[in-house]
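See below for the structure under consideration.
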Amino acid sequence: MANLHIDNVHKSFGDTHILKGINMDIADGEFIILVGPSGCGKSTLMNCIAGLEQATTGRIIIEDEDVTEAMPKDRDIAMVFQSYALYPNMNVWKNIAFGLEIRKMPKDEIASTVERVADLLQIRPLLKRKPSQLSGGQRQRVAMGRALARDPKIFLFDEPLSNLDAKLRVEMRTEIKKLHQRLKTTIVYVTHDQIEAMTLANRIAVMKDGMIQQFGSPQEVYDEPVNLFVAGFMGSPSMNFIRCKVMEHQGEAHIRMEVDGKDYNLPIPKQEQAVRQRIGQTVILGIRPEQITHVIPQQDAGPNMASVDGKIIVTEPTGADTLTLIRMNDQEVNCRVHPREAKEPGETMTFMINMDKAIFFDPETEDRII
């Protein structure tokens, strides 16, 4: 196990600037996830940590040792790839043992290590099979086993579950999380799947265009996004963004909202100067679908609860909830209601909005206001 310090790392390929000053401090035993859309630079950053790519400028420090120019083999890092990268001509036992044999480890130690890893990942019955005889999930376990056998300072996972079907991805996420809880090893994990990021990470680095937009705990990134991009990227379905005006009503700043021809004044809980100075101006209200729901009697009397009557456009039952689409300020808005409370498209129902969870963004800079 080891800590990892990334100090102002830039990476360019010719005139194309991929990484633009990455700074991260990762503590010993942390599970860090790099998340972002395709092309944001997360895999390039991973390759720089592994030594597969050389950082153009900046430093990479592992356990207080500068490894920026060190060869991959000298960094004591194990990497699990999206493609598994197993040797097709070797059985599972040989795939796991190969790296240890290259390091001239004694045969009895190799055997005990392979058996320990096989038991840890529950793949002992597969040791004599070749990769072609394994399912996708089994191959991924073998790839993880090969990395675990090394007992490295840091594990790097580059989108390891993207080739698996939805059910198997969920199962493997659980296995990886249990593995980290047992081993307490430092892990840096790349994914474009924000659900994967939320469920696995101690902290998430949300990347866009080669820069880290926000680096924090899953709940912090979800509840307190710093800008419109982070707010929209994290969460499924994503946060609703509604352009609306800040107006003064009974001496306080409110949001003016039109729903099906009727105007509503929605309270703004934090009467801060940052909002009051925007009276008469347009802002972007960010609110997650679960904060617009059916009326819950024990909650609807709160001072920052608002209610609106909206005509349902479409419903999407998901089992535990029903996603319901309505229009607010002439924009489509997702709401999340209990299946028993959901009405049919074309019908009108009353929705409760928890304005305590509302976030406001500047429409020009896209930065958070409050």
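How things are named: the first chain in the structure tokens is A, the next is B, and so on; residues count from 1 in each chain; ligands count from 1 in the order shown.
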Closest-contact table, segment 98-217 of chain A side, partner segment 22-39 of chain A, 7 Å, counting only C-alpha atoms, as CSV:
```
residue,atom,partner,partner_atom,distance
A:Lys184,CA,A:Gly29,CA,5.0
A:Thr185,CA,A:Gly29,CA,4.6
A:Thr186,CA,A:Gly29,CA,4.1
A:Ile187,CA,A:Phe31,CA,4.8
A:Val188,CA,A:Ile32,CA,4.9
A:Tyr189,CA,A:Ile33,CA,4.7
A:Val190,CA,A:Leu34,CA,4.8
A:Thr191,CA,A:Val35,CA,5.3
A:His192,CA,A:Val35,CA,5.3
A:Gln194,CA,A:Val35,CA,6.8
A:Ala197,CA,A:Ile33,CA,6.0
A:Ala201,CA,A:Phe31,CA,5.2
A:Asn202,CA,A:Phe31,CA,5.2
A:Arg203,CA,A:Ile32,CA,5.2
A:Ile204,CA,A:Ile33,CA,4.9
A:Ala205,CA,A:Leu34,CA,5.0
A:Val206,CA,A:Val35,CA,5.1
A:Met207,CA,A:Gly36,CA,4.9
A:Lys208,CA,A:Gly36,CA,6.1
A:Met211,CA,A:Ile22,CA,6.4
A:Ile212,CA,A:Ile22,CA,6.7
```
Could you take the residues named above and write them with N, CA and C atoms, as a PDB file, in the first residue's frame?
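Dumped to result_21.pdb:
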```pdb
ATOM      1  N   LYS A 184      -7.511  -3.289   1.849  1.00  0.00           N
ATOM      2  CA  LYS A 184      -7.166  -1.900   2.201  1.00  0.00           C
ATOM      3  C   LYS A 184      -6.047  -1.355   1.320  1.00  0.00           C
ATOM      4  N   THR A 185      -6.044  -1.740   0.054  1.00  0.00           N
ATOM      5  CA  THR A 185      -5.001  -1.326  -0.873  1.00  0.00           C
ATOM      6  C   THR A 185      -5.404  -0.045  -1.593  1.00  0.00           C
ATOM      7  N   THR A 186      -4.429   0.775  -1.945  1.00  0.00           N
ATOM      8  CA  THR A 186      -4.687   1.991  -2.713  1.00  0.00           C
ATOM      9  C   THR A 186      -5.119   1.605  -4.131  1.00  0.00           C
ATOM     10  N   ILE A 187      -6.248   2.137  -4.569  1.00  0.00           N
ATOM     11  CA  ILE A 187      -6.779   1.828  -5.895  1.00  0.00           C
ATOM     12  C   ILE A 187      -7.126   3.125  -6.619  1.00  0.00           C
ATOM     13  N   VAL A 188      -6.688   3.225  -7.867  1.00  0.00           N
ATOM     14  CA  VAL A 188      -7.130   4.292  -8.767  1.00  0.00           C
ATOM     15  C   VAL A 188      -7.876   3.605  -9.904  1.00  0.00           C
ATOM     16  N   TYR A 189      -9.100   4.035 -10.146  1.00  0.00           N
ATOM     17  CA  TYR A 189     -10.029   3.302 -10.995  1.00  0.00           C
ATOM     18  C   TYR A 189     -10.649   4.271 -12.003  1.00  0.00           C
ATOM     19  N   VAL A 190     -10.562   3.958 -13.278  1.00  0.00           N
ATOM     20  CA  VAL A 190     -11.125   4.799 -14.335  1.00  0.00           C
ATOM     21  C   VAL A 190     -12.456   4.223 -14.802  1.00  0.00           C
ATOM     22  N   THR A 191     -13.467   5.082 -14.948  1.00  0.00           N
ATOM     23  CA  THR A 191     -14.737   4.650 -15.517  1.00  0.00           C
ATOM     24  C   THR A 191     -15.443   5.854 -16.123  1.00  0.00           C
ATOM     25  N   HIS A 192     -16.351   5.595 -17.049  1.00  0.00           N
ATOM     26  CA  HIS A 192     -17.239   6.661 -17.527  1.00  0.00           C
ATOM     27  C   HIS A 192     -18.630   6.482 -16.927  1.00  0.00           C
ATOM     28  N   GLN A 194     -21.067   6.793 -14.041  1.00  0.00           N
ATOM     29  CA  GLN A 194     -21.149   7.535 -12.782  1.00  0.00           C
ATOM     30  C   GLN A 194     -21.776   6.712 -11.655  1.00  0.00           C
ATOM     31  N   ALA A 197     -18.941   4.902 -10.166  1.00  0.00           N
ATOM     32  CA  ALA A 197     -18.154   5.838  -9.358  1.00  0.00           C
ATOM     33  C   ALA A 197     -18.800   6.067  -7.996  1.00  0.00           C
ATOM     34  N   ALA A 201     -16.321   4.405  -4.840  1.00  0.00           N
ATOM     35  CA  ALA A 201     -15.226   5.298  -4.459  1.00  0.00           C
ATOM     36  C   ALA A 201     -15.288   5.803  -3.020  1.00  0.00           C
ATOM     37  N   ASN A 202     -14.098   6.046  -2.445  1.00  0.00           N
ATOM     38  CA  ASN A 202     -13.978   6.900  -1.260  1.00  0.00           C
ATOM     39  C   ASN A 202     -14.076   8.365  -1.689  1.00  0.00           C
ATOM     40  N   ARG A 203     -13.389   8.669  -2.815  1.00  0.00           N
ATOM     41  CA  ARG A 203     -13.472  10.002  -3.404  1.00  0.00           C
ATOM     42  C   ARG A 203     -13.518   9.886  -4.926  1.00  0.00           C
ATOM     43  N   ILE A 204     -14.175  10.860  -5.546  1.00  0.00           N
ATOM     44  CA  ILE A 204     -14.341  10.875  -6.995  1.00  0.00           C
ATOM     45  C   ILE A 204     -13.692  12.132  -7.557  1.00  0.00           C
ATOM     46  N   ALA A 205     -12.924  11.963  -8.638  1.00  0.00           N
ATOM     47  CA  ALA A 205     -12.413  13.105  -9.391  1.00  0.00           C
ATOM     48  C   ALA A 205     -13.195  13.174 -10.693  1.00  0.00           C
ATOM     49  N   VAL A 206     -13.997  14.218 -10.843  1.00  0.00           N
ATOM     50  CA  VAL A 206     -14.791  14.398 -12.058  1.00  0.00           C
ATOM     51  C   VAL A 206     -13.958  15.216 -13.040  1.00  0.00           C
ATOM     52  N   MET A 207     -13.699  14.639 -14.219  1.00  0.00           N
ATOM     53  CA  MET A 207     -12.822  15.276 -15.202  1.00  0.00           C
ATOM     54  C   MET A 207     -13.600  15.743 -16.425  1.00  0.00           C
ATOM     55  N   LYS A 208     -13.105  16.837 -17.005  1.00  0.00           N
ATOM     56  CA  LYS A 208     -13.647  17.362 -18.265  1.00  0.00           C
ATOM     57  C   LYS A 208     -12.527  18.112 -18.975  1.00  0.00           C
ATOM     58  N   MET A 211      -9.065  18.502 -17.293  1.00  0.00           N
ATOM     59  CA  MET A 211      -8.965  19.164 -15.993  1.00  0.00           C
ATOM     60  C   MET A 211      -9.920  18.509 -14.999  1.00  0.00           C
ATOM     61  N   ILE A 212      -9.548  18.549 -13.721  1.00  0.00           N
ATOM     62  CA  ILE A 212     -10.424  18.047 -12.660  1.00  0.00           C
ATOM     63  C   ILE A 212     -11.396  19.151 -12.276  1.00  0.00           C
TER      64      ILE A 212
END
```
Have a look at A:Glu316, A:Glu69, A:Asp76, A:Glu63 and name the one nearest to Pro345 of chain A; count only C-alpha atoms.
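Among the listed residues, the smallest separation from Pro345 of chain A belongs to A:Glu316.
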Would you please give, as a ChimeraX atom specification, all residues of segment 176-353 of chain A that DSSP assigns to helix (DSSP H, G or I) based on the backbone?
/A:176-183,194-200,218-223,228-233,273-276,289-291
Å distance separating atom CA of Gln250 of chain A from atom CA of Arg368 of chain A, one decimal place:
25.5 Å
